[in-house]
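What follows is the content of input-v1.pdb, which has PDB, C-alpha atoms and all ligand atoms:
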```pdb
MODEL        1
ATOM      1  CA  MET A   1       0.000   0.000   0.000
ATOM      2  CA  GLU A   2       2.735   2.420   0.932
ATOM      3  CA  GLN A   3       4.235   3.192  -2.501
ATOM      4  CA  SER A   4       0.974   3.871  -4.292
ATOM      5  CA  PHE A   5      -0.379   5.860  -1.362
ATOM      6  CA  LEU A   6       2.767   7.959  -1.144
ATOM      7  CA  ALA A   7       2.514   8.676  -4.865
ATOM      8  CA  TRP A   8      -1.071   9.856  -4.304
ATOM      9  CA  LEU A   9      -0.005  11.909  -1.327
ATOM     10  CA  LYS A  10       2.912  13.514  -3.149
ATOM     11  CA  GLY A  11       0.455  14.731  -5.756
ATOM     12  CA  ARG A  12      -1.719  16.310  -3.061
ATOM     13  CA  VAL A  13       0.908  17.921  -0.853
ATOM     14  CA  ARG A  14       1.750  21.545  -1.513
ATOM     15  CA  GLY A  15       5.298  22.580  -0.910
ATOM     16  CA  LEU A  16       6.443  25.574   1.023
ATOM     17  CA  PRO A  17       9.653  27.441   0.203
ATOM     18  CA  ALA A  18      11.196  26.430   3.544
ATOM     19  CA  VAL A  19      10.999  22.736   2.659
ATOM     20  CA  ALA A  20      13.930  22.189   0.302
ATOM     21  CA  VAL A  21      13.302  18.427   0.095
ATOM     22  CA  GLY A  22       9.979  16.918   1.124
ATOM     23  CA  ILE A  23       8.313  13.526   0.692
ATOM     24  CA  GLY A  24      10.290  11.009  -1.376
ATOM     25  CA  ASP A  25      13.795  10.992   0.037
ATOM     26  CA  ASP A  26      15.101   9.311   3.184
ATOM     27  CA  ALA A  27      14.515  12.473   5.183
ATOM     28  CA  ALA A  28      13.281  15.998   4.652
ATOM     29  CA  VAL A  29      15.564  19.004   4.271
ATOM     30  CA  ILE A  30      14.247  22.206   5.787
ATOM     31  CA  ASP A  31      15.675  25.712   5.560
ATOM     32  CA  LEU A  32      15.659  27.710   8.769
ATOM     33  CA  GLN A  33      15.593  31.472   8.524
ATOM     34  CA  PRO A  34      18.825  33.039   9.731
ATOM     35  CA  GLY A  35      18.713  33.959  13.397
ATOM     36  CA  CYS A  36      15.948  31.474  14.175
ATOM     37  CA  GLN A  37      15.668  28.474  16.467
ATOM     38  CA  LEU A  38      13.841  25.274  15.562
ATOM     39  CA  ILE A  39      10.787  24.485  17.706
ATOM     40  CA  ALA A  40       9.636  20.846  17.674
ATOM     41  CA  THR A  41       6.638  19.191  19.270
ATOM     42  CA  THR A  42       4.802  15.894  18.882
ATOM     43  CA  ASP A  43       1.433  14.508  19.900
ATOM     44  CA  GLU A  44      -0.386  11.294  19.084
ATOM     45  CA  ILE A  45      -4.088  10.529  19.110
ATOM     46  CA  ILE A  46      -5.367   6.973  19.271
ATOM     47  CA  GLU A  47      -8.702   5.443  18.348
ATOM     48  CA  GLY A  48     -10.580   4.274  21.418
ATOM     49  CA  VAL A  49      -8.663   6.691  23.640
ATOM     50  CA  ASP A  50      -9.092  10.028  21.868
ATOM     51  CA  PHE A  51     -11.732   9.319  19.229
ATOM     52  CA  LEU A  52     -14.035   6.671  17.772
ATOM     53  CA  ILE A  53     -13.746   6.076  14.051
ATOM     54  CA  GLU A  54     -17.407   4.985  13.802
ATOM     55  CA  ARG A  55     -18.605   8.171  15.422
ATOM     56  CA  HIS A  56     -16.247  10.868  14.200
ATOM     57  CA  ALA A  57     -15.438  11.855  10.645
ATOM     58  CA  ALA A  58     -11.932  10.736   9.710
ATOM     59  CA  ALA A  59     -11.236  14.167   8.207
ATOM     60  CA  ASP A  60     -12.066  15.822  11.558
ATOM     61  CA  ILE A  61      -9.690  13.457  13.321
ATOM     62  CA  GLY A  62      -6.897  14.323  10.873
ATOM     63  CA  PHE A  63      -7.574  18.037  11.177
ATOM     64  CA  LYS A  64      -7.540  17.834  14.963
ATOM     65  CA  ALA A  65      -4.289  15.863  15.044
ATOM     66  CA  MET A  66      -2.661  18.736  13.163
ATOM     67  CA  ALA A  67      -4.410  21.493  15.125
ATOM     68  CA  ILE A  68      -3.395  20.268  18.592
ATOM     69  CA  ASN A  69       0.255  20.204  17.527
ATOM     70  CA  LEU A  70      -0.026  23.637  15.898
ATOM     71  CA  SER A  71      -1.529  24.947  19.126
ATOM     72  CA  ASP A  72       1.597  23.832  20.983
ATOM     73  CA  LEU A  73       3.684  25.780  18.455
ATOM     74  CA  ALA A  74       1.440  28.819  18.993
ATOM     75  CA  ALA A  75       2.016  28.468  22.741
ATOM     76  CA  MET A  76       5.752  28.796  22.069
ATOM     77  CA  GLY A  77       5.195  31.865  19.897
ATOM     78  CA  ALA A  78       6.422  29.916  16.867
ATOM     79  CA  THR A  79       5.670  30.053  13.161
ATOM     80  CA  PRO A  80       4.963  26.573  11.745
ATOM     81  CA  THR A  81       7.211  25.193   9.036
ATOM     82  CA  ALA A  82       6.614  21.505   8.445
ATOM     83  CA  ALA A  83       4.841  18.455   9.818
ATOM     84  CA  LEU A  84       5.923  14.804   9.866
ATOM     85  CA  VAL A  85       2.875  12.550   9.927
ATOM     86  CA  THR A  86       2.845   8.911  11.038
ATOM     87  CA  LEU A  87      -0.277   6.803  10.643
ATOM     88  CA  SER A  88      -0.668   3.385  12.252
ATOM     89  CA  LEU A  89      -3.560   1.857  10.359
ATOM     90  CA  PRO A  90      -5.828  -1.076  11.113
ATOM     91  CA  ALA A  91      -5.521  -3.743   8.397
ATOM     92  CA  GLU A  92      -9.148  -3.485   7.383
ATOM     93  CA  ARG A  93      -9.907  -0.564   5.018
ATOM     94  CA  SER A  94      -6.435   0.842   5.606
ATOM     95  CA  THR A  95      -6.090   2.801   2.357
ATOM     96  CA  GLU A  96      -9.592   4.224   2.634
ATOM     97  CA  ILE A  97      -9.017   5.346   6.225
ATOM     98  CA  ALA A  98      -5.600   6.829   5.428
ATOM     99  CA  ALA A  99      -7.018   8.866   2.547
ATOM    100  CA  ALA A 100      -9.929  10.116   4.657
ATOM    101  CA  VAL A 101      -7.693  11.113   7.584
ATOM    102  CA  TYR A 102      -5.352  12.864   5.170
ATOM    103  CA  GLU A 103      -8.206  15.007   3.838
ATOM    104  CA  GLY A 104      -8.322  16.725   7.231
ATOM    105  CA  ILE A 105      -4.542  16.808   7.591
ATOM    106  CA  LEU A 106      -4.140  18.485   4.203
ATOM    107  CA  GLU A 107      -6.939  20.922   4.955
ATOM    108  CA  ALA A 108      -5.186  21.984   8.168
ATOM    109  CA  ALA A 109      -1.832  22.158   6.358
ATOM    110  CA  GLN A 110      -3.261  24.551   3.810
ATOM    111  CA  ARG A 111      -5.208  26.627   6.285
ATOM    112  CA  PHE A 112      -2.260  27.130   8.646
ATOM    113  CA  GLN A 113       0.465  27.227   5.978
ATOM    114  CA  VAL A 114       2.518  24.248   7.030
ATOM    115  CA  ALA A 115       4.117  21.708   4.694
ATOM    116  CA  ILE A 116       3.754  17.943   5.075
ATOM    117  CA  ALA A 117       7.452  17.148   4.782
ATOM    118  CA  GLY A 118       7.348  13.420   5.454
ATOM    119  CA  GLY A 119       6.181  10.685   7.743
ATOM    120  CA  ASP A 120       5.405   7.012   7.827
ATOM    121  CA  LEU A 121       2.539   4.617   7.226
ATOM    122  CA  SER A 122       2.225   1.206   8.786
ATOM    123  CA  ILE A 123      -0.522  -1.375   8.960
ATOM    124  CA  HIS A 124      -0.898  -3.291  12.164
ATOM    125  CA  ASP A 125      -3.222  -5.520  14.085
ATOM    126  CA  GLY A 126      -4.530  -2.691  16.189
ATOM    127  CA  ALA A 127      -6.327   0.642  16.330
ATOM    128  CA  LEU A 128      -5.841   3.730  14.191
ATOM    129  CA  ALA A 129      -3.223   6.064  15.657
ATOM    130  CA  ILE A 130      -2.081   9.393  14.251
ATOM    131  CA  SER A 131       1.221  10.776  15.448
ATOM    132  CA  ILE A 132       2.355  14.169  14.206
ATOM    133  CA  THR A 133       5.662  15.874  14.778
ATOM    134  CA  MET A 134       5.351  19.580  14.113
ATOM    135  CA  LEU A 135       8.304  21.822  13.362
ATOM    136  CA  GLY A 136       8.356  25.578  13.562
ATOM    137  CA  GLN A 137      10.695  28.444  14.263
ATOM    138  CA  VAL A 138      11.116  31.471  16.476
ATOM    139  CA  PRO A 139      13.619  34.333  16.463
ATOM    140  CA  SER A 140      16.580  33.035  18.493
ATOM    141  CA  GLY A 141      16.108  33.409  22.215
ATOM    142  CA  GLN A 142      12.483  34.511  21.852
ATOM    143  CA  ALA A 143      10.485  31.334  22.385
ATOM    144  CA  TRP A 144       7.579  31.899  24.787
ATOM    145  CA  LEU A 145       8.188  29.560  27.710
ATOM    146  CA  ARG A 146       5.908  28.566  30.566
ATOM    147  CA  SER A 147       8.548  29.645  33.025
ATOM    148  CA  GLY A 148       8.835  33.405  32.411
ATOM    149  CA  ALA A 149       5.847  34.907  34.267
ATOM    150  CA  GLU A 150       6.789  37.422  36.952
ATOM    151  CA  GLU A 151       5.027  38.870  39.957
ATOM    152  CA  GLY A 152       2.890  41.820  38.816
ATOM    153  CA  ASP A 153       2.551  40.609  35.215
ATOM    154  CA  CYS A 154      -0.842  40.873  33.553
ATOM    155  CA  LEU A 155      -2.629  37.562  33.057
ATOM    156  CA  ALA A 156      -4.391  37.473  29.690
ATOM    157  CA  VAL A 157      -6.391  34.925  27.752
ATOM    158  CA  SER A 158      -6.859  34.966  23.990
ATOM    159  CA  GLY A 159     -10.563  34.201  23.667
ATOM    160  CA  PRO A 160     -13.778  32.820  25.140
ATOM    161  CA  LEU A 161     -13.595  29.578  27.102
ATOM    162  CA  GLY A 162     -15.631  26.517  27.942
ATOM    163  CA  GLY A 163     -17.990  24.036  26.349
ATOM    164  CA  SER A 164     -15.721  22.932  23.499
ATOM    165  CA  LEU A 165     -17.425  19.514  23.598
ATOM    166  CA  VAL A 166     -20.495  21.099  22.023
ATOM    167  CA  GLY A 167     -18.518  20.826  18.782
ATOM    168  CA  ARG A 168     -15.532  23.188  18.535
ATOM    169  CA  HIS A 169     -13.223  20.479  19.897
ATOM    170  CA  LEU A 170     -13.511  18.681  16.553
ATOM    171  CA  ARG A 171     -12.032  21.581  14.600
ATOM    172  CA  PRO A 172      -9.858  23.540  17.004
ATOM    173  CA  LEU A 173      -8.260  26.706  15.640
ATOM    174  CA  PRO A 174      -4.716  27.187  16.966
ATOM    175  CA  ARG A 175      -4.048  30.877  17.680
ATOM    176  CA  LEU A 176      -1.241  31.315  15.187
ATOM    177  CA  ASP A 177      -2.983  34.515  14.048
ATOM    178  CA  LEU A 178      -2.446  35.969  17.506
ATOM    179  CA  VAL A 179       1.196  34.871  17.514
ATOM    180  CA  ARG A 180       1.760  36.776  14.267
ATOM    181  CA  ALA A 181      -0.057  39.854  15.571
ATOM    182  CA  LEU A 182       1.962  39.901  18.810
ATOM    183  CA  ARG A 183       5.250  39.300  16.978
ATOM    184  CA  ASP A 184       4.367  42.339  14.828
ATOM    185  CA  GLN A 185       4.207  44.586  17.907
ATOM    186  CA  ALA A 186       7.733  45.942  17.893
ATOM    187  CA  GLY A 187       9.507  45.611  21.202
ATOM    188  CA  LEU A 188       6.687  43.667  22.838
ATOM    189  CA  ARG A 189       7.842  40.799  25.002
ATOM    190  CA  VAL A 190       5.569  37.943  26.017
ATOM    191  CA  HIS A 191       6.907  36.779  29.387
ATOM    192  CA  ALA A 192       5.215  33.370  29.362
ATOM    193  CA  ALA A 193       2.562  31.410  27.494
ATOM    194  CA  ILE A 194       0.747  28.072  27.447
ATOM    195  CA  ASP A 195      -2.128  26.783  25.320
ATOM    196  CA  ILE A 196      -5.329  25.608  26.977
ATOM    197  CA  SER A 197      -5.586  21.927  26.176
ATOM    198  CA  ASP A 198      -6.740  20.580  29.525
ATOM    199  CA  GLY A 199      -8.665  23.481  31.049
ATOM    200  CA  PHE A 200      -7.939  27.149  31.842
ATOM    201  CA  SER A 201      -7.300  26.675  35.548
ATOM    202  CA  LEU A 202      -5.223  23.504  35.147
ATOM    203  CA  ASP A 203      -3.055  24.968  32.384
ATOM    204  CA  LEU A 204      -2.720  28.268  34.264
ATOM    205  CA  ASP A 205      -1.616  26.253  37.299
ATOM    206  CA  ARG A 206       1.056  24.570  35.145
ATOM    207  CA  LEU A 207       2.323  27.910  33.882
ATOM    208  CA  CYS A 208       2.402  29.280  37.451
ATOM    209  CA  ALA A 209       4.260  26.208  38.710
ATOM    210  CA  ALA A 210       6.853  26.530  35.941
ATOM    211  CA  SER A 211       7.299  30.248  36.689
ATOM    212  CA  GLY A 212       7.332  29.886  40.486
ATOM    213  CA  VAL A 213       4.453  32.369  40.851
ATOM    214  CA  GLY A 214       0.730  32.302  41.603
ATOM    215  CA  ALA A 215      -2.181  34.137  40.019
ATOM    216  CA  GLU A 216      -5.224  36.110  41.039
ATOM    217  CA  VAL A 217      -8.015  35.403  38.562
ATOM    218  CA  ASP A 218     -10.736  38.005  38.046
ATOM    219  CA  THR A 219     -13.479  35.484  37.354
ATOM    220  CA  ALA A 220     -15.936  38.246  36.388
ATOM    221  CA  ALA A 221     -13.594  39.208  33.535
ATOM    222  CA  LEU A 222     -13.161  35.682  32.212
ATOM    223  CA  PRO A 223     -14.645  35.524  28.683
ATOM    224  CA  ILE A 224     -17.209  32.719  28.650
ATOM    225  CA  HIS A 225     -18.026  30.984  25.375
ATOM    226  CA  PRO A 226     -21.720  30.544  24.467
ATOM    227  CA  ASP A 227     -20.953  26.799  24.282
ATOM    228  CA  ALA A 228     -20.187  26.876  28.025
ATOM    229  CA  VAL A 229     -23.701  28.190  28.609
ATOM    230  CA  THR A 230     -25.087  25.395  26.425
ATOM    231  CA  ARG A 231     -23.125  22.781  28.359
ATOM    232  CA  ALA A 232     -24.133  24.263  31.692
ATOM    233  CA  ALA A 233     -27.819  23.855  30.812
ATOM    234  CA  GLU A 234     -27.387  20.084  30.823
ATOM    235  CA  SER A 235     -24.487  19.518  33.220
ATOM    236  CA  GLY A 236     -25.800  21.237  36.341
ATOM    237  CA  ARG A 237     -22.536  23.185  36.564
ATOM    238  CA  THR A 238     -22.229  26.908  35.958
ATOM    239  CA  PRO A 239     -20.932  28.427  32.709
ATOM    240  CA  LEU A 240     -18.001  29.805  34.749
ATOM    241  CA  GLU A 241     -17.121  26.308  35.975
ATOM    242  CA  HIS A 242     -17.098  25.136  32.374
ATOM    243  CA  ALA A 243     -14.912  28.074  31.347
ATOM    244  CA  LEU A 244     -12.481  27.344  34.187
ATOM    245  CA  GLY A 245     -12.329  23.592  33.830
ATOM    246  CA  ASP A 246     -13.291  22.391  30.352
ATOM    247  CA  GLY A 247     -10.470  21.287  28.100
ATOM    248  CA  GLU A 248      -9.635  21.796  24.448
ATOM    249  CA  ASP A 249     -10.286  25.511  24.111
ATOM    250  CA  PHE A 250      -6.869  25.850  22.463
ATOM    251  CA  GLU A 251      -6.764  29.526  23.362
ATOM    252  CA  LEU A 252      -3.555  30.901  24.859
ATOM    253  CA  ILE A 253      -2.834  32.034  28.413
ATOM    254  CA  LEU A 254      -0.220  34.815  28.323
ATOM    255  CA  ALA A 255       1.835  36.857  30.767
ATOM    256  CA  PHE A 256       2.779  40.455  29.890
ATOM    257  CA  ALA A 257       4.663  43.129  31.759
ATOM    258  CA  PRO A 258       2.128  45.824  32.811
ATOM    259  CA  ASP A 259       3.804  48.414  30.540
ATOM    260  CA  ASP A 260       3.464  46.136  27.551
ATOM    261  CA  TRP A 261      -0.171  45.511  28.398
ATOM    262  CA  GLU A 262      -0.809  49.280  28.355
ATOM    263  CA  ARG A 263       0.770  49.516  24.912
ATOM    264  CA  LEU A 264      -1.404  46.652  23.705
ATOM    265  CA  SER A 265      -4.626  48.270  24.818
ATOM    266  CA  GLN A 266      -5.047  49.955  21.414
ATOM    267  CA  PRO A 267      -5.198  46.819  19.241
ATOM    268  CA  LEU A 268      -6.732  44.711  22.017
ATOM    269  CA  GLY A 269     -10.124  44.306  20.406
ATOM    270  CA  GLU A 270      -8.643  42.996  17.194
ATOM    271  CA  LEU A 271      -6.333  40.599  18.981
ATOM    272  CA  GLY A 272      -9.147  39.119  21.068
ATOM    273  CA  LEU A 273      -7.078  39.420  24.244
ATOM    274  CA  HIS A 274      -8.775  39.757  27.601
ATOM    275  CA  ARG A 275      -7.052  40.697  30.823
ATOM    276  CA  VAL A 276      -8.295  38.223  33.410
ATOM    277  CA  GLY A 277      -5.970  38.718  36.328
ATOM    278  CA  THR A 278      -2.510  39.341  37.710
ATOM    279  CA  PHE A 279       0.413  37.108  38.560
ATOM    280  CA  LEU A 280       1.326  37.072  42.236
ATOM    281  CA  GLY A 281       4.491  36.438  44.192
ATOM    282  CA  ARG A 282       2.632  33.939  46.382
ATOM    283  CA  THR A 283       1.903  30.546  44.850
ATOM    284  CA  GLY A 284      -1.549  29.113  44.128
ATOM    285  CA  LEU A 285      -4.564  30.226  42.123
ATOM    286  CA  TRP A 286      -6.776  32.807  43.807
ATOM    287  CA  SER A 287      -9.962  34.696  43.111
ATOM    288  CA  ARG A 288     -11.223  37.751  44.963
ATOM    289  CA  GLY A 289     -14.424  37.196  46.859
ATOM    290  CA  GLU A 290     -16.310  38.940  49.656
ATOM    291  CA  ARG A 291     -13.721  37.791  52.183
ATOM    292  CA  GLY A 292     -10.655  38.782  50.193
ATOM    293  CA  LEU A 293      -8.581  36.353  48.213
ATOM    294  CA  GLN A 294      -9.924  32.820  48.114
ATOM    295  CA  ARG A 295      -8.061  29.819  46.888
ATOM    296  CA  MET A 296      -9.227  28.220  43.634
ATOM    297  CA  LEU A 297      -8.594  24.595  42.819
ATOM    298  CA  ALA A 298      -7.132  23.862  39.435
ATOM    299  CA  SER A 299      -9.481  21.684  37.435
ATOM    300  CA  GLY A 300      -9.450  20.095  34.041
ATOM    301  CA  TYR A 301      -8.583  16.953  32.203
ATOM    302  CA  ILE A 302      -5.430  14.986  32.716
ATOM    303  CA  HIS A 303      -4.323  13.596  29.387
ATOM    304  CA  GLY A 304      -2.809  10.172  29.183
ATOM    305  CA  GLY A 305      -5.744   8.470  30.802
ATOM    306  CA  ARG A 306      -8.530   9.702  28.642
ATOM    307  CA  ARG A 307      -8.351  12.933  26.779
ATOM    308  CA  ASN A 308     -11.274  15.281  26.484
ATOM    309  CA  GLY A 309     -10.915  14.381  22.859
ATOM    310  CA  VAL A 310     -13.391  13.743  20.136
ATOM    311  CA  LEU A 311     -14.899  11.369  22.692
ATOM    312  CA  PRO A 312     -17.612  13.296  24.476
ATOM    313  CA  PRO A 313     -18.079  12.081  28.032
ATOM    314  CA  SER A 314     -21.428  10.474  28.692
ATOM    315  CA  ARG A 315     -23.724  12.462  30.911
ATOM    316  CA  GLY A 316     -22.727  12.248  34.529
ATOM    317  CA  ASP A 317     -19.401  10.745  33.525
ATOM    318  CA  SER A 318     -17.166  11.073  36.535
ATOM    319  CA  SER A 319     -14.107  12.054  34.523
ATOM    320  CA  ASP A 320     -16.031  15.117  33.389
ATOM    321  CA  SER A 321     -17.116  16.237  36.816
ATOM    322  CA  ALA A 322     -14.752  14.736  39.355
ATOM    323  CA  GLU A 323     -12.366  17.649  39.263
ATOM    324  CA  HIS A 324     -14.714  20.548  38.758
ATOM    325  CA  PRO A 325     -13.581  23.683  40.497
ATOM    326  CA  GLU A 326     -14.880  24.693  43.859
ATOM    327  CA  PRO A 327     -13.455  27.608  45.751
ATOM    328  CA  GLU A 328     -12.003  26.486  49.042
ATOM    329  CA  VAL A 329     -14.025  27.625  51.995
ATOM    330  CA  SER A 330     -11.097  29.032  53.870
ATOM    331  CA  GLY A 331      -9.484  32.288  52.815
ATOM    332  CA  PRO A 332      -5.786  32.970  53.072
TER
HETATM  333 MG    MG B 401       0.332  22.650  25.173
ENDMDL
END
```

Spit out the file's structure as structure tokens when you get a sec.
Amino acid sequence: MEQSFLAWLKGRVRGLPAVAVGIGDDAAVIDLQPGCQLIATTDEIIEGVDFLIERHAAADIGFKAMAINLSDLAAMGATPTAALVTLSLPAERSTEIAAAVYEGILEAAQRFQVAIAGGDLSIHDGALAISITMLGQVPSGQAWLRSGAEEGDCLAVSGPLGGSLVGRHLRPLPRLDLVRALRDQAGLRVHAAIDISDGFSLDLDRLCAASGVGAEVDTAALPIHPDAVTRAAESGRTPLEHALGDGEDFELILAFAPDDWERLSQPLGELGLHRVGTFLGRTGLWSRGERGLQRMLASGYIHGGRRNGVLPPSRGDSSDSAEHPEPEVSGP
């Protein structure tokens, strides 16, 4: 199957100038812009763990496999260059499934301007798995890390949160547009960033832990997606709880120096950025209530067990509700 499929694929793949040699040789050759560092990330999704092939369109699964990797590049402030795609295919209907998955992969490649530079196909006695290694670049020394947030920095989020399971989780849109817009702001420095794959509060907690800081979250300022309201109507949880704890928003959490935030206030509307809090010297996540600062529990999905993937949890599913956020009763 591999030779004929690769010939088909080669005819479908569009090159990008940065890919000097793509599919067809032993390895790809990629030009890096001078003064840039290579950013590399990989993520795999597996049938039965992250999606069900009978329930979800193969093209959606392919698109999502690309988008989740591109979101990790966006979180680093990177521009995508090329993807390496490995499909492990079940023996039955392997060519048909590969072609259908690739429809979504190629759609994402075109939409987000990334070349498919190579990969692998294998048929096995097992489930469909899609593993993508995504390559991108940043100006040297300017990758956005999780570890750079400082006390007093503004905490910002790039768009409305919650309820992705209503449908957006099938076609996530990595915020590469925002990366470009922020890179175009001369002199602006993003102190830290992370993408929201597992839930705003859980991913914010990870960023805080990496930076050795805490954060005060202004929950009234948190942009709530209409899908969170839809989910809340059937889950018995509030839209805010969905915004804080649902996974797969694939928006970015960012830390800016206060001066930089002031400078950004002009193009804020266009960028879709919302200020939702401040980073603190003390650790932990906090929200301000009637009795001062109250501790928030980080909530969200832990990947590796079962992802909040294309698999929607059944109603009342404990993995959906077990970790939902509740402010601790005691204040500081
Ligand atoms: Mg990430």

Hits from the PyMOL selection byres (((not hetatm)) within 9 of (chain B and resi 401)), listed as an MDAnalysis selection string: chainID A and resid 68:69 71:76 194:198 203 250

Among the residues A:Val166, A:Leu173, A:Ala78, A:Ala186, the one that comes closest to Glu234 in chain A [using only C-alpha atoms]: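 Between A:Val166, A:Leu173, A:Ala78, A:Ala186, the residue approaching Glu234 in chain A most closely is A:Val166.
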
Spatial neighbours of Leu170 in chain A, max dist 12 Å, all atoms listed in the file, sep filter under 6 positions, as a ChimeraX atom specification: /A:50-51,55-68,104,164,248-250,308-312

Among listed residues A:Ala91, A:Leu128, A:Ala220, A:Ala255, nearest Glu54 in chain A (using only C-alpha atoms):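 Closest to Glu54 in chain A of all the choices is A:Leu128.
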
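Proximity to Ala298 in chain A at 8 Å, evaluated using all atoms listed in the file and with sequence-adjacent residues fewer than 4 positions away removed, yields Ser201, Leu202, Asp205, Gly245, Leu285 and Pro325 of chain A.
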
Resolved residues for the PyMOL selection byres (((chain A and resi 192) around 10) and not hetatm) as a ChimeraX atom specification: /A:75-77,143-150,153,155,189-191,193-194,207-208,210-211,253-256

Point-to-point distance from CA of Phe112 in chain A to CA of Thr81 in chain A, Å rounded to tenths: 9.7 Å

Picked residues, the PyMOL selection byres (((chain A and resi 286) around 12) and not hetatm), as an MDAnalysis selection string: chainID A and resid 201 204:205 208 213:219 276:285 287:289 291:298 325:328 330:332

Between CA of Leu252 in chain A and CA of Val157 in chain A, distance in Å (one decimal):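 So the two atoms, CA of Leu252 in chain A and CA of Val157 in chain A, lie 5.7 Å apart.
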